[in-house]
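Novice: Data: structure_20.cif, mmCIF, C-alpha atoms.
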data_final
#
loop_
_atom_site.label_atom_id
_atom_site.label_comp_id
_atom_site.auth_asym_id
_atom_site.auth_seq_id
_atom_site.Cartn_x
_atom_site.Cartn_y
_atom_site.Cartn_z
CA MET A 225 0.00 0.00 0.00
CA THR A 226 1.30 3.45 -0.89
CA SER A 227 1.90 5.59 2.19
CA ASN A 228 0.31 9.00 2.47
CA PRO A 229 2.46 12.11 1.93
CA ALA A 230 3.62 13.97 5.02
CA THR A 231 1.12 16.17 6.83
CA SER A 232 2.06 19.78 7.52
CA SER A 233 0.18 22.65 9.15
CA VAL A 234 -0.27 26.40 9.25
CA THR A 235 -1.70 28.59 11.98
CA ALA A 236 -4.92 30.44 11.22
CA ASP A 237 -5.46 34.06 12.24
CA ASP A 238 -7.26 32.93 15.42
CA GLY A 239 -4.38 30.70 16.47
CA ARG A 240 -5.92 27.35 15.48
CA VAL A 241 -3.77 24.85 13.63
CA ILE A 242 -4.95 23.78 10.17
CA GLY A 243 -3.43 20.60 8.78
CA PHE A 244 -2.83 19.97 5.09
CA ILE A 245 -1.12 17.64 2.64
CA LEU A 246 0.50 18.86 -0.56
CA ILE A 247 0.96 16.20 -3.24
CA SER A 248 3.43 17.49 -5.79
CA GLY A 249 2.61 17.03 -9.44
CA PRO A 250 5.08 16.31 -12.27
CA PRO A 251 8.07 18.70 -12.16
CA ALA A 252 7.43 20.15 -15.63
CA THR A 253 3.67 20.58 -15.34
CA ASP A 254 2.11 23.92 -16.19
CA ALA A 255 -1.30 22.90 -14.81
CA ARG A 256 -2.65 24.97 -11.98
CA PRO A 257 -2.68 23.44 -8.48
CA LEU A 258 -5.94 21.80 -7.45
CA VAL A 259 -7.34 22.48 -3.97
CA MET A 260 -9.71 19.72 -2.81
CA LEU A 261 -12.20 20.34 -0.01
CA ASN A 262 -13.93 17.34 1.54
CA GLY A 263 -17.30 17.17 3.29
CA LEU A 264 -19.01 16.74 6.63
CA SER A 265 -17.06 14.63 9.14
CA SER A 266 -14.49 13.80 6.45
CA LEU A 267 -10.71 13.89 6.57
CA MET A 268 -8.37 14.77 3.74
CA THR A 269 -6.99 11.24 3.77
CA ASP A 270 -10.44 9.78 3.01
CA TRP A 271 -10.09 10.50 -0.69
CA MET A 272 -6.35 10.12 -1.12
CA ASP A 273 -6.78 7.75 -4.09
CA PHE A 274 -8.94 10.36 -5.83
CA ALA A 275 -6.34 13.06 -5.11
CA ARG A 276 -3.46 10.92 -6.36
CA PHE A 277 -5.24 10.51 -9.70
CA PHE A 278 -5.20 14.28 -10.25
CA ALA A 279 -1.63 14.54 -8.94
CA ASN A 280 -0.53 12.70 -12.08
CA SER A 281 -0.88 16.01 -13.90
CA ARG A 282 -0.83 18.76 -11.25
CA SER A 283 -0.06 19.49 -7.62
CA VAL A 284 -2.95 18.77 -5.27
CA LEU A 285 -3.56 20.46 -1.91
CA LEU A 286 -5.75 18.68 0.65
CA ILE A 287 -6.94 20.33 3.86
CA ASP A 288 -8.48 19.04 7.08
CA HIS A 289 -11.30 21.33 8.21
CA ARG A 290 -10.82 22.89 11.62
CA GLY A 291 -11.40 20.46 14.47
CA MET A 292 -10.93 17.36 12.30
CA GLY A 293 -7.95 15.06 11.78
CA ALA A 294 -4.69 17.01 11.53
CA SER A 295 -6.62 20.17 12.42
CA ALA A 296 -7.97 18.73 15.69
CA PHE A 297 -8.51 21.18 18.54
CA ASP A 298 -6.90 20.92 21.93
CA ARG A 299 -8.99 18.79 24.27
CA GLY A 300 -11.68 20.85 26.00
CA ASP A 301 -11.32 23.90 23.73
CA ILE A 302 -15.02 24.75 23.66
CA GLU A 303 -14.37 28.19 22.15
CA ALA A 304 -12.71 26.53 19.17
CA VAL A 305 -15.72 24.27 18.54
CA GLU A 306 -18.01 27.29 18.74
CA SER A 307 -15.86 29.06 16.11
CA ILE A 308 -16.91 26.61 13.39
CA SER A 309 -18.83 28.21 10.54
CA LEU A 310 -18.67 28.00 6.76
CA PRO A 311 -17.10 31.49 6.36
CA ARG A 312 -14.56 30.65 9.07
CA MET A 313 -13.60 27.40 7.31
CA ALA A 314 -13.34 29.33 4.03
CA ARG A 315 -10.87 31.71 5.68
CA ASP A 316 -8.88 28.70 6.90
CA VAL A 317 -8.59 27.43 3.33
CA VAL A 318 -7.34 30.79 2.08
CA CYS A 319 -4.85 30.92 4.95
CA VAL A 320 -3.44 27.57 3.82
CA THR A 321 -3.37 28.45 0.10
CA ASN A 322 -1.67 31.77 0.77
CA SER A 323 0.96 30.07 2.92
CA VAL A 324 1.57 27.00 0.76
CA LEU A 325 0.90 28.15 -2.81
CA GLY A 326 1.52 31.86 -2.41
CA ALA A 327 -0.91 34.77 -2.22
CA ASP A 328 -0.54 35.45 -5.97
CA CYS A 329 -1.04 31.85 -7.10
CA LYS A 330 -4.33 31.10 -8.80
CA PHE A 331 -5.65 27.59 -8.26
CA ASP A 332 -8.50 25.36 -9.35
CA MET A 333 -10.84 24.13 -6.64
CA LEU A 334 -12.96 21.02 -6.15
CA GLY A 335 -15.54 21.13 -3.38
CA PHE A 336 -17.45 18.03 -2.36
CA SER A 337 -20.61 18.22 -0.21
CA MET A 338 -19.84 20.63 2.69
CA GLY A 339 -16.56 21.36 0.90
CA GLY A 340 -18.66 22.73 -1.95
CA PHE A 341 -20.43 25.07 0.47
CA ILE A 342 -17.02 26.35 1.56
CA ALA A 343 -15.80 26.61 -2.04
CA LEU A 344 -18.79 28.78 -2.95
CA HIS A 345 -17.99 31.15 -0.08
CA ILE A 346 -14.42 31.47 -1.37
CA VAL A 347 -15.28 32.10 -5.02
CA LEU A 348 -17.98 34.62 -4.11
CA ASP A 349 -15.91 36.53 -1.55
CA GLN A 350 -12.46 36.22 -3.15
CA PRO A 351 -13.01 35.30 -6.82
CA VAL A 352 -9.53 36.38 -7.92
CA LEU A 353 -8.02 33.35 -6.16
CA VAL A 354 -9.75 30.64 -8.19
CA SER A 355 -9.54 29.81 -11.88
CA LYS A 356 -11.89 26.82 -12.34
CA LEU A 357 -14.47 25.38 -9.98
CA VAL A 358 -15.78 21.84 -9.60
CA LEU A 359 -18.85 21.39 -7.37
CA MET A 360 -19.58 17.77 -6.59
CA GLY A 361 -22.53 16.39 -4.60
CA THR A 362 -23.20 19.81 -3.14
CA ALA A 363 -25.65 22.71 -3.03
CA ALA A 364 -26.03 26.49 -2.75
CA LYS A 365 -28.23 26.33 0.33
CA SER A 366 -28.89 24.14 3.34
CA VAL A 367 -30.11 20.64 2.50
CA SER A 368 -31.08 19.83 6.09
CA ALA A 369 -34.79 19.28 5.50
CA ALA A 370 -34.29 17.10 2.40
CA SER A 371 -31.27 15.06 3.43
CA ALA A 372 -31.18 11.49 4.74
CA LEU A 373 -29.17 13.06 7.56
CA SER A 374 -31.95 15.49 8.46
CA ASP A 375 -31.84 14.19 12.05
CA PRO A 376 -28.40 14.99 13.58
CA ALA A 377 -28.84 11.98 15.87
CA LEU A 378 -28.28 9.76 12.84
CA VAL A 379 -24.58 10.62 12.77
CA MET A 380 -24.13 9.88 16.46
CA GLN A 381 -23.05 6.54 17.87
CA ARG A 382 -25.93 4.53 19.31
CA VAL A 383 -25.85 2.53 22.54
CA GLY A 384 -24.18 -0.79 21.87
CA GLU A 385 -23.04 0.26 18.41
CA SER A 386 -19.35 -0.09 17.58
CA LYS A 387 -17.51 2.54 15.58
CA VAL A 388 -17.34 0.12 12.66
CA ASP A 389 -21.12 -0.41 12.88
CA ILE A 390 -21.94 3.30 12.73
CA VAL A 391 -19.53 3.86 9.86
CA ALA A 392 -21.05 1.03 7.80
CA ARG A 393 -24.57 2.31 8.53
CA LEU A 394 -23.71 5.84 7.44
CA MET A 395 -21.66 4.75 4.45
CA ARG A 396 -24.69 2.90 3.07
CA MET A 397 -26.42 6.28 2.92
CA ASN A 398 -23.55 7.64 0.84
CA VAL A 399 -23.47 5.07 -1.94
CA SER A 400 -26.02 3.09 -3.89
CA GLU A 401 -26.94 -0.45 -2.91
CA GLU A 402 -25.67 -1.50 -6.34
CA PHE A 403 -22.22 -0.19 -5.41
CA VAL A 404 -22.25 -2.14 -2.12
CA GLN A 405 -23.22 -5.34 -3.91
CA LYS A 406 -20.84 -4.97 -6.87
CA HIS A 407 -17.84 -3.67 -4.96
CA PRO A 408 -17.95 -5.16 -1.42
CA GLN A 409 -14.18 -5.02 -1.02
CA ARG A 410 -14.02 -1.34 -1.94
CA PHE A 411 -17.00 -0.60 0.30
CA GLY A 412 -15.16 -2.29 3.15
CA GLN A 413 -12.03 -0.26 2.42
CA LEU A 414 -14.03 2.97 2.51
CA CYS A 415 -15.61 1.98 5.83
CA THR A 416 -12.23 1.12 7.33
CA ALA A 417 -10.78 4.45 6.24
CA VAL A 418 -13.68 6.44 7.66
CA ALA A 419 -13.50 4.51 10.95
CA SER A 420 -9.99 5.88 11.53
CA GLY A 421 -8.69 9.33 12.39
CA LYS A 422 -9.83 12.10 14.71
CA ARG A 423 -13.51 12.92 14.04
CA PRO A 424 -14.87 14.39 17.29
CA GLN A 425 -18.65 14.20 17.57
CA ALA A 426 -18.77 17.74 18.98
CA VAL A 427 -17.07 19.04 15.83
CA ILE A 428 -19.39 17.06 13.54
CA LEU A 429 -22.41 18.54 15.33
CA ALA A 430 -20.89 22.01 14.96
CA GLN A 431 -20.45 21.39 11.23
CA LEU A 432 -24.10 20.38 10.97
CA LYS A 433 -25.14 23.57 12.76
CA ALA A 434 -22.97 25.62 10.38
CA MET A 435 -25.01 24.23 7.47
CA ALA A 436 -28.41 25.02 8.99
CA PRO A 437 -30.94 26.95 6.83
CA ARG A 438 -30.53 30.19 8.75
CA ARG A 439 -26.74 30.05 8.31
CA PHE A 440 -26.28 28.89 4.74
CA ASN A 441 -28.13 30.08 1.66
CA LEU A 442 -26.13 31.44 -1.27
CA THR A 443 -28.79 30.80 -3.89
CA GLY A 444 -29.31 34.51 -4.51
CA ARG A 445 -25.60 34.99 -5.21
CA LEU A 446 -25.04 32.21 -7.74
CA GLY A 447 -25.35 34.69 -10.61
CA ALA A 448 -22.14 36.30 -9.34
CA VAL A 449 -20.08 33.14 -9.87
CA GLY A 450 -18.09 34.13 -12.93
CA LEU A 451 -15.78 31.13 -13.15
CA GLN A 452 -15.80 28.16 -15.47
CA THR A 453 -17.73 25.65 -13.39
CA LEU A 454 -18.42 21.93 -13.57
CA VAL A 455 -21.27 20.52 -11.47
CA VAL A 456 -21.23 16.77 -10.78
CA HIS A 457 -24.15 15.06 -9.06
CA GLY A 458 -25.61 11.57 -8.70
CA THR A 459 -29.33 11.13 -9.21
CA GLY A 460 -29.39 8.63 -6.34
CA ASP A 461 -27.77 10.99 -3.84
CA ARG A 462 -29.63 10.68 -0.53
CA ILE A 463 -27.45 13.12 1.42
CA VAL A 464 -27.70 16.05 -1.02
CA PRO A 465 -30.62 15.12 -3.32
CA ALA A 466 -30.16 15.71 -7.04
CA GLN A 467 -32.49 18.71 -7.23
CA PHE A 468 -29.80 20.72 -5.43
CA GLY A 469 -27.28 19.87 -8.15
CA ASP A 470 -29.87 20.81 -10.77
CA ALA A 471 -30.32 24.19 -9.08
CA LEU A 472 -26.56 24.79 -8.98
CA ALA A 473 -26.13 23.97 -12.64
CA SER A 474 -28.98 26.25 -13.69
CA GLY A 475 -28.03 29.05 -11.31
CA ILE A 476 -24.38 29.41 -12.38
CA SER A 477 -24.13 30.94 -15.83
CA GLY A 478 -22.48 28.61 -18.34
CA ALA A 479 -21.97 25.78 -15.85
CA ARG A 480 -21.38 22.33 -17.29
CA TYR A 481 -23.36 19.55 -15.68
CA LEU A 482 -22.44 15.89 -15.33
CA ARG A 483 -25.49 14.11 -13.93
CA ILE A 484 -24.67 10.51 -13.02
CA ASP A 485 -27.72 8.27 -13.32
CA GLY A 486 -28.09 6.26 -10.11
CA GLY A 487 -24.91 7.67 -8.58
CA GLY A 488 -24.83 8.10 -4.82
CA HIS A 489 -23.45 10.92 -2.70
CA LEU A 490 -19.88 9.64 -3.06
CA VAL A 491 -20.29 10.07 -6.78
CA HIS A 492 -16.52 10.04 -7.33
CA GLU A 493 -16.67 6.38 -6.22
CA ASP A 494 -20.24 5.51 -7.20
CA ASP A 495 -20.55 6.59 -10.83
CA GLY A 496 -21.19 3.15 -12.30
CA GLU A 497 -17.55 2.84 -13.35
CA ARG A 498 -15.73 2.88 -9.97
CA GLY A 499 -15.00 6.59 -10.28
CA THR A 500 -13.30 6.52 -13.67
CA ARG A 501 -16.11 8.44 -15.36
CA VAL A 502 -16.01 11.29 -12.85
CA CYS A 503 -12.20 11.37 -12.83
CA ALA A 504 -12.11 11.58 -16.63
CA ALA A 505 -14.74 14.34 -16.75
CA VAL A 506 -13.06 16.46 -14.07
CA THR A 507 -9.65 16.03 -15.72
CA ALA A 508 -11.00 17.01 -19.14
CA PHE A 509 -12.64 20.07 -17.60
CA LEU A 510 -9.51 21.18 -15.73
CA ASN A 511 -7.26 20.56 -18.74
CA GLY A 512 -9.58 22.34 -21.16
CA PRO A 513 -9.26 25.94 -22.40
CA GLY A 514 -7.93 28.19 -19.65
CA GLY A 515 -6.69 25.17 -17.70
CA HIS A 516 -3.01 26.09 -17.49
CA LYS A 517 -0.88 28.73 -15.87
CA LEU A 518 -0.33 31.88 -17.89
#
Output the file's structure in the form of structure tokens.
Specialist:
Amino acid sequence: MTSNPATSSVTADDGRVIGFILISGPPATDARPLVMLNGLSSLMTDWMDFARFFANSRSVLLIDHRGMGASAFDRGDIEAVESISLPRMARDVVCVTNSVLGADCKFDMLGFSMGGFIALHIVLDQPVLVSKLVLMGTAAKSVSAASALSDPALVMQRVGESKVDIVARLMRMNVSEEFVQKHPQRFGQLCTAVASGKRPQAVILAQLKAMAPRRFNLTGRLGAVGLQTLVVHGTGDRIVPAQFGDALASGISGARYLRIDGGGHLVHEDDGERGTRVCAAVTAFLNGPGGHKL
């Protein structure tokens, strides 16, 4: 098994440590770096295979959201947990990109699920930083009422339930049953990966609160997204139902839309072709016109 690249960190403007991994691309590449933002309760290492695919042609920057994994808070730091919000996490990302890539370096950005919420905040508030945008399994407003995770208790460990049990239960909400049946080994690998690492329940609950309807609705600002954008969504997504992807694609002028029939929330795994279809589409989009450094 290939080991993960070394984890590094920067200090945000409020003193919290934000962990990241930079996977260097080919030495002679002129492709822009790709910043990948993962979703609720996720760690940057969860989609390392996906990131390594893109690192074949460009450098890839992965970031752990505050409170999670390599960005874990000090034990008992209640103030830090209360600091969690989508704009705050967006500022963390910019802090990392400025430090690692340089303040003048434009990058492409891929936001998945909650990472897409954060990506939208960045491109709307600091559009000069980003060249191309990929929004995958995400939305422009809270999905709380429509999501299979509408009850926060669903993400909490139940009495008598092992960590492996809760992970398997939640992972079945993220992929189609067809994926589970066709790829049991890969499903098991995903469950094992998600069962590891620092994922404090208090931080996960704070992330859920940050995505509540009264705190997240950028629908009215989608017309201001002036970047080349690719929206990717599975029609079988139970976490962020497909109508939210439809709304993104229609709300962002000129957005391209890859709608994966039957694909689950983890559409980069569950696209009917073990992720190869999504990887190929994202690569073609990033490498298309305007996809290289000037």
Novice: For each of A:Gln425, A:Gln431, A:Ser265, A:Gln467, take the minimum atom-to-atom distance to A:Thr362, counting only C-alpha atoms, then give the residue where this is smallest.
Specialist: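 Counting only C-alpha atoms, the residue closest to A:Thr362 is A:Gln467.
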Novice: Taking the file as I've supplied it (selection: the PyMOL selection byres ((chain A and resi 283) around 7)), which residues are included? Please answer as an MDAnalysis selection string.
Specialist: chainID A and resid 247:249 257:258 279 282 284:285
Novice: Please list as an mmCIF file with C-alpha atoms, in the coordinates of the input every residue within 12 Å of A:Gln413, counting all atoms listed in the file and excluding residues in the same chain fewer than 2 positions away.
Specialist:
data_model
loop_
_atom_site.group_PDB
_atom_site.id
_atom_site.type_symbol
_atom_site.label_atom_id
_atom_site.label_comp_id
_atom_site.auth_asym_id
_atom_site.auth_seq_id
_atom_site.Cartn_x
_atom_site.Cartn_y
_atom_site.Cartn_z
ATOM 1 C CA ASP A 270 -10.440 9.780 3.010
ATOM 2 C CA TRP A 271 -10.090 10.500 -0.690
ATOM 3 C CA ASP A 273 -6.780 7.750 -4.090
ATOM 4 C CA VAL A 388 -17.340 0.120 12.660
ATOM 5 C CA VAL A 391 -19.530 3.860 9.860
ATOM 6 C CA ALA A 392 -21.050 1.030 7.800
ATOM 7 C CA MET A 395 -21.660 4.750 4.450
ATOM 8 C CA VAL A 404 -22.250 -2.140 -2.120
ATOM 9 C CA HIS A 407 -17.840 -3.670 -4.960
ATOM 10 C CA PRO A 408 -17.950 -5.160 -1.420
ATOM 11 C CA GLN A 409 -14.180 -5.020 -1.020
ATOM 12 C CA ARG A 410 -14.020 -1.340 -1.940
ATOM 13 C CA PHE A 411 -17.000 -0.600 0.300
ATOM 14 C CA CYS A 415 -15.610 1.980 5.830
ATOM 15 C CA THR A 416 -12.230 1.120 7.330
ATOM 16 C CA ALA A 417 -10.780 4.450 6.240
ATOM 17 C CA VAL A 418 -13.680 6.440 7.660
ATOM 18 C CA ALA A 419 -13.500 4.510 10.950
ATOM 19 C CA SER A 420 -9.990 5.880 11.530
ATOM 20 C CA GLU A 493 -16.670 6.380 -6.220
#
Novice: Figure out the distance between atom CA of A:Arg276 and atom CA of A:Leu334, please, to one decimal in Å.
Specialist: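 About the pair atom CA of A:Leu334 and atom CA of A:Arg276: they are 13.9 Å apart.
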Novice: So how many Å separate atom CA of A:Asp461 and atom CA of A:His345, to one decimal?
Specialist: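 Computing the Euclidean distance for atom CA of A:Asp461 and atom CA of A:His345 yields 22.7 Å.
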Novice: Pick the closest to A:Gly291 from A:Gly326, A:Pro437, A:Gly361, A:Pro424: which is it, counting all atoms listed in the file?
Specialist: A:Pro424
Novice: So, with all atoms listed in the file as the atoms that count, which of A:Leu373, A:Leu446, A:Leu246, A:Ala434 lies closest to A:Pro465?
Specialist: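 With all atoms listed in the file as the atom set, the closest residue is A:Leu373.
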Novice: Selected by the PyMOL selection byres ((chain A and resi 365-371) around 12) in the shown coordinates: which residues, as an MDAnalysis selection string?
Specialist: chainID A and resid 310 337:338 340:342 344:345 361:364 372:376 378 397:398 431:446 460:469 471:472 475 489
Novice: Would you pick out the contacts of A:Lys330 at 9 Å or less, using only C-alpha atoms, so that residues sharing its chain but fewer than 3 positions from it are not included, and give the list as a PyMOL selection string?
Specialist: chain A and resi 256-257+325-327+352-355+517
Novice: Output C-alpha atoms for every residue in that selection, as a CSV table (one decimal), in the coordinates of the input.
Specialist:
chain,number,residue,atom,x,y,z
A,256,ARG,CA,-2.6,25.0,-12.0
A,257,PRO,CA,-2.7,23.4,-8.5
A,325,LEU,CA,0.9,28.2,-2.8
A,326,GLY,CA,1.5,31.9,-2.4
A,327,ALA,CA,-0.9,34.8,-2.2
A,352,VAL,CA,-9.5,36.4,-7.9
A,353,LEU,CA,-8.0,33.4,-6.2
A,354,VAL,CA,-9.8,30.6,-8.2
A,355,SER,CA,-9.5,29.8,-11.9
A,517,LYS,CA,-0.9,28.7,-15.9
Novice: Determine the residue set returned by the PyMOL selection byres ((chain A and resi 477) around 8) for the present structure, and present it as a list in words.
Specialist: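 Matching residues under the PyMOL selection byres ((chain A and resi 477) around 8) are Gly447, Val449, Gly450, Ala473, Ser474, Gly475, Ile476, Gly478 and Ala479 of chain A.
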Novice: Contacts of A:Thr231 at 9 Å or less, counting all atoms listed in the file, minus same-chain residues fewer than 5 places along, as a PyMOL selection string?
Specialist: chain A and resi 243-246+294
